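This is upload24.txt (compact mmCIF, C-alpha atoms).
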```
# COMPACT_ATOMS: atom_id res chain seq x y z
CA GLN A 1 -71.15 -69.25 60.67
CA GLU A 2 -74.81 -69.62 59.86
CA GLN A 3 -76.35 -67.79 56.95
CA MET A 4 -79.30 -65.55 57.56
CA THR A 5 -81.52 -64.35 54.73
CA GLU A 6 -83.62 -61.23 54.71
CA SER A 7 -86.56 -60.42 52.47
CA GLY A 8 -89.39 -57.94 52.15
CA GLY A 9 -87.58 -54.76 51.24
CA GLY A 10 -88.70 -52.49 48.45
CA LEU A 11 -89.75 -49.03 47.38
CA VAL A 12 -92.52 -47.47 49.46
CA ARG A 13 -93.95 -43.99 49.97
CA PRO A 14 -93.68 -41.90 53.13
CA GLY A 15 -96.26 -43.04 55.64
CA ASP A 16 -96.44 -46.58 54.29
CA SER A 17 -95.82 -49.76 56.26
CA LEU A 18 -93.53 -52.64 55.41
CA ARG A 19 -92.66 -55.95 57.02
CA LEU A 20 -89.22 -57.47 56.70
CA SER A 21 -88.54 -61.15 57.28
CA CYS A 22 -85.40 -63.06 58.17
CA THR A 23 -84.92 -66.81 58.03
CA ALA A 24 -82.05 -69.00 59.12
CA SER A 25 -81.29 -72.50 60.23
CA ARG A 26 -82.60 -73.55 63.62
CA SER A 27 -79.08 -73.68 64.96
CA ALA A 28 -78.71 -70.00 64.14
CA PHE A 29 -81.96 -68.98 65.72
CA SER A 30 -83.37 -70.57 68.80
CA PRO A 31 -80.59 -70.33 71.40
CA TYR A 32 -79.66 -66.74 70.58
CA ALA A 33 -80.85 -63.20 70.85
CA LEU A 34 -81.55 -61.62 67.47
CA GLY A 35 -81.48 -58.14 66.08
CA TRP A 36 -82.08 -55.83 63.15
CA PHE A 37 -79.58 -53.24 62.00
CA ARG A 38 -79.56 -50.84 59.10
CA GLN A 39 -76.87 -49.15 57.10
CA VAL A 40 -76.62 -46.47 54.46
CA PRO A 41 -73.54 -46.04 52.28
CA GLY A 42 -70.78 -44.16 54.02
CA LYS A 43 -72.23 -44.60 57.49
CA GLU A 44 -71.80 -47.13 60.26
CA ARG A 45 -74.25 -49.94 60.79
CA GLU A 46 -76.98 -48.72 63.13
CA PHE A 47 -78.91 -50.75 65.70
CA VAL A 48 -82.65 -50.82 65.02
CA ALA A 49 -84.22 -53.41 67.32
CA GLY A 50 -83.37 -56.52 69.30
CA VAL A 51 -85.21 -59.43 70.89
CA ASN A 52 -84.04 -61.87 73.54
CA ARG A 53 -83.79 -65.57 72.84
CA ASP A 54 -87.19 -66.42 74.34
CA GLY A 55 -88.95 -63.66 72.47
CA ASP A 56 -90.45 -62.04 75.55
CA GLY A 57 -88.14 -59.06 75.70
CA THR A 58 -87.48 -56.41 73.08
CA TYR A 59 -85.42 -53.24 72.80
CA TYR A 60 -85.49 -50.45 70.22
CA ALA A 61 -83.39 -47.54 69.14
CA ASP A 62 -84.89 -44.50 70.82
CA SER A 63 -85.69 -42.76 67.55
CA LEU A 64 -87.71 -45.73 66.30
CA LYS A 65 -89.86 -46.55 69.29
CA GLY A 66 -93.52 -46.74 68.45
CA ARG A 67 -92.98 -47.16 64.70
CA PHE A 68 -91.02 -50.41 64.49
CA THR A 69 -91.83 -53.79 66.06
CA ILE A 70 -89.53 -56.79 66.21
CA ILE A 71 -91.11 -60.24 66.44
CA ARG A 72 -89.51 -63.65 66.53
CA ASP A 73 -91.23 -66.90 65.71
CA ASN A 74 -89.01 -69.63 67.11
CA ALA A 75 -91.26 -72.39 65.80
CA ALA A 76 -90.72 -71.14 62.25
CA ASP A 77 -87.15 -69.89 62.75
CA THR A 78 -88.23 -66.52 61.41
CA LEU A 79 -87.60 -62.99 62.59
CA PHE A 80 -89.75 -60.06 61.52
CA LEU A 81 -89.46 -56.31 61.57
CA GLN A 82 -92.78 -54.54 61.19
CA MET A 83 -92.23 -50.94 60.16
CA SER A 84 -94.93 -48.28 60.01
CA SER A 85 -95.13 -44.54 59.26
CA LEU A 86 -91.99 -44.88 57.19
CA GLU A 87 -89.93 -41.79 56.48
CA PRO A 88 -87.28 -41.09 53.86
CA ALA A 89 -84.70 -41.23 56.67
CA ASP A 90 -85.59 -44.91 57.12
CA SER A 91 -84.15 -45.72 53.69
CA ALA A 92 -81.27 -48.15 54.19
CA ARG A 93 -80.13 -51.71 53.78
CA TYR A 94 -81.61 -53.69 56.65
CA HIS A 95 -79.73 -56.64 58.10
CA CYS A 96 -80.84 -59.29 60.55
CA ALA A 97 -78.26 -60.75 62.89
CA GLY A 98 -77.79 -63.55 65.39
CA ALA A 99 -75.98 -62.77 68.61
CA TYR A 100 -73.30 -64.68 70.45
CA TRP A 101 -74.74 -66.92 73.12
CA ASN A 102 -75.28 -65.35 76.52
CA ARG A 103 -76.30 -67.25 79.63
CA ASN A 104 -78.68 -64.45 80.57
CA SER A 105 -81.93 -65.23 78.74
CA TYR A 106 -83.05 -61.61 79.14
CA PHE A 107 -79.98 -60.20 77.43
CA ILE A 108 -80.63 -58.09 74.32
CA PRO A 109 -77.43 -56.99 72.61
CA THR A 110 -77.25 -53.73 70.70
CA ARG A 111 -73.65 -53.48 69.49
CA VAL A 112 -72.44 -54.82 66.14
CA ALA A 113 -69.66 -56.66 67.98
CA ASP A 114 -72.25 -58.64 69.97
CA PHE A 115 -73.49 -60.41 66.82
CA ARG A 116 -71.80 -63.30 65.07
CA SER A 117 -74.11 -64.06 62.11
CA TRP A 118 -75.33 -61.60 59.53
CA GLY A 119 -77.53 -61.61 56.47
CA GLN A 120 -76.71 -59.79 53.24
CA GLY A 121 -79.54 -57.37 53.85
CA THR A 122 -82.64 -56.17 52.09
CA VAL A 123 -82.98 -52.64 50.77
CA VAL A 124 -85.77 -50.34 51.87
CA THR A 125 -86.30 -47.11 49.98
CA VAL A 126 -88.84 -44.57 51.18
CA SER A 127 -89.54 -41.93 48.57
CA ALA A 128 -92.44 -39.96 47.21
```

Final structure tokens representation of the file:
Amino acid sequence: QEQMTESGGGLVRPGDSLRLSCTASRSAFSPYALGWFRQVPGKEREFVAGVNRDGDGTYYADSLKGRFTIIRDNAADTLFLQMSSLEPADSARYHCAGAYWNRNSYFIPTRVADFRSWGQGTVVTVSA
């Protein structure tokens, strides 16, 4: 199971922007759809955004559309999550994940069970 490593979290104020990054080995990245999830203590891991393996299709949790953008750079084996207009409710540990292979190149998984590789996460805290 490949290791994925997130970075970029921190303490920000409401309304600020933040960009998270995720790196992994090429074998973990290029053939697979990727996603971002977030989790707060005591709650289930929540889908945030996903991107298909070619990077030309994305999908977002309804509540986050327009504020978050997922971008994959296959040449650099890096996944990004650009977050804007952050709110205290966005405070969580954010995890990137690599999905199981799917023959459909347009497939964007959204369930935790669809992903096989996970990072340890990076913590985002939004507070005044």

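Proximity of A:Arg13, A:Arg72, A:Lys43, A:Arg38 to Gln120 in chain A, computed with all atoms listed in the file, is greatest for A:Arg38.
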
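Taking CA of Val124 in chain A and CA of Asp54 in chain A as the two end points, the separation is 27.7 Å.
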
Which residues are close to Phe47 in chain A, i.e. within 10 Å by all atoms listed in the file, leaving aside same-chain residues fewer than 5 positions away? Reply as an mmCIF file with C-alpha atoms, in the coordinates of the input.
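Here's the written file part.cif:
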```cif
data_model
loop_
_atom_site.group_PDB
_atom_site.id
_atom_site.type_symbol
_atom_site.label_atom_id
_atom_site.label_comp_id
_atom_site.auth_asym_id
_atom_site.auth_seq_id
_atom_site.Cartn_x
_atom_site.Cartn_y
_atom_site.Cartn_z
ATOM 1 C CA GLY A 35 -81.480 -58.140 66.080
ATOM 2 C CA TRP A 36 -82.080 -55.830 63.150
ATOM 3 C CA PHE A 37 -79.580 -53.240 62.000
ATOM 4 C CA ARG A 38 -79.560 -50.840 59.100
ATOM 5 C CA GLN A 39 -76.870 -49.150 57.100
ATOM 6 C CA TYR A 59 -85.420 -53.240 72.800
ATOM 7 C CA TYR A 60 -85.490 -50.450 70.220
ATOM 8 C CA ALA A 61 -83.390 -47.540 69.140
ATOM 9 C CA TYR A 94 -81.610 -53.690 56.650
ATOM 10 C CA HIS A 95 -79.730 -56.640 58.100
ATOM 11 C CA PRO A 109 -77.430 -56.990 72.610
ATOM 12 C CA THR A 110 -77.250 -53.730 70.700
ATOM 13 C CA ARG A 111 -73.650 -53.480 69.490
ATOM 14 C CA VAL A 112 -72.440 -54.820 66.140
#
```

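Across A:Ala89, A:Cys96, A:Ile108, A:Val51, the tightest approach to Leu20 in chain A is made by A:Cys96 when counting all atoms listed in the file.
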
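Checking A:Gln3, A:Thr58, A:Ser25, A:Asn52 one by one against Phe107 in chain A, counting all atoms listed in the file, you find the shortest gap at A:Asn52.
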
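Nearest to Phe80 in chain A of all the residues A:Val123, A:Leu11, A:Gly55, A:Asn102 is A:Gly55, counting all atoms listed in the file.
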
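Of the listed residues (A:Ile70, A:Glu46, A:Ala92, A:Tyr32), A:Tyr32 comes nearest to Phe115 in chain A; the distances count only C-alpha atoms.
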
>> Need to verify the contact set: Ser84 in chain A, 7 Å, all atoms listed in the file, exclusion of same-chain residues closer than 5 positions in sequence. Can you return it as JSON, numbers by chain?
In response: {"A": [15, 16, 17, 18, 67, 68]}

> At a cut-off of 10 Å from (-80.0, -62.0, 55.1) in the coordinates of the file, what residues are picked up using all atoms listed in the file, written as a ChimeraX atom specification?
Replying inline: /A:3-7,21-24,94-97,117-122

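Minimum atom-to-atom distance to Trp101 in chain A, evaluated using only C-alpha atoms, belongs to A:Asp114 out of A:Asp77, A:Asp114, A:Glu44, A:Asp62.
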
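Taking CA of Leu34 in chain A and CA of Gly98 in chain A as the two end points, the separation is 4.7 Å.
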
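Atom pair CA of Ser85 in chain A / CA of Pro14 in chain A: separated by 6.8 Å.
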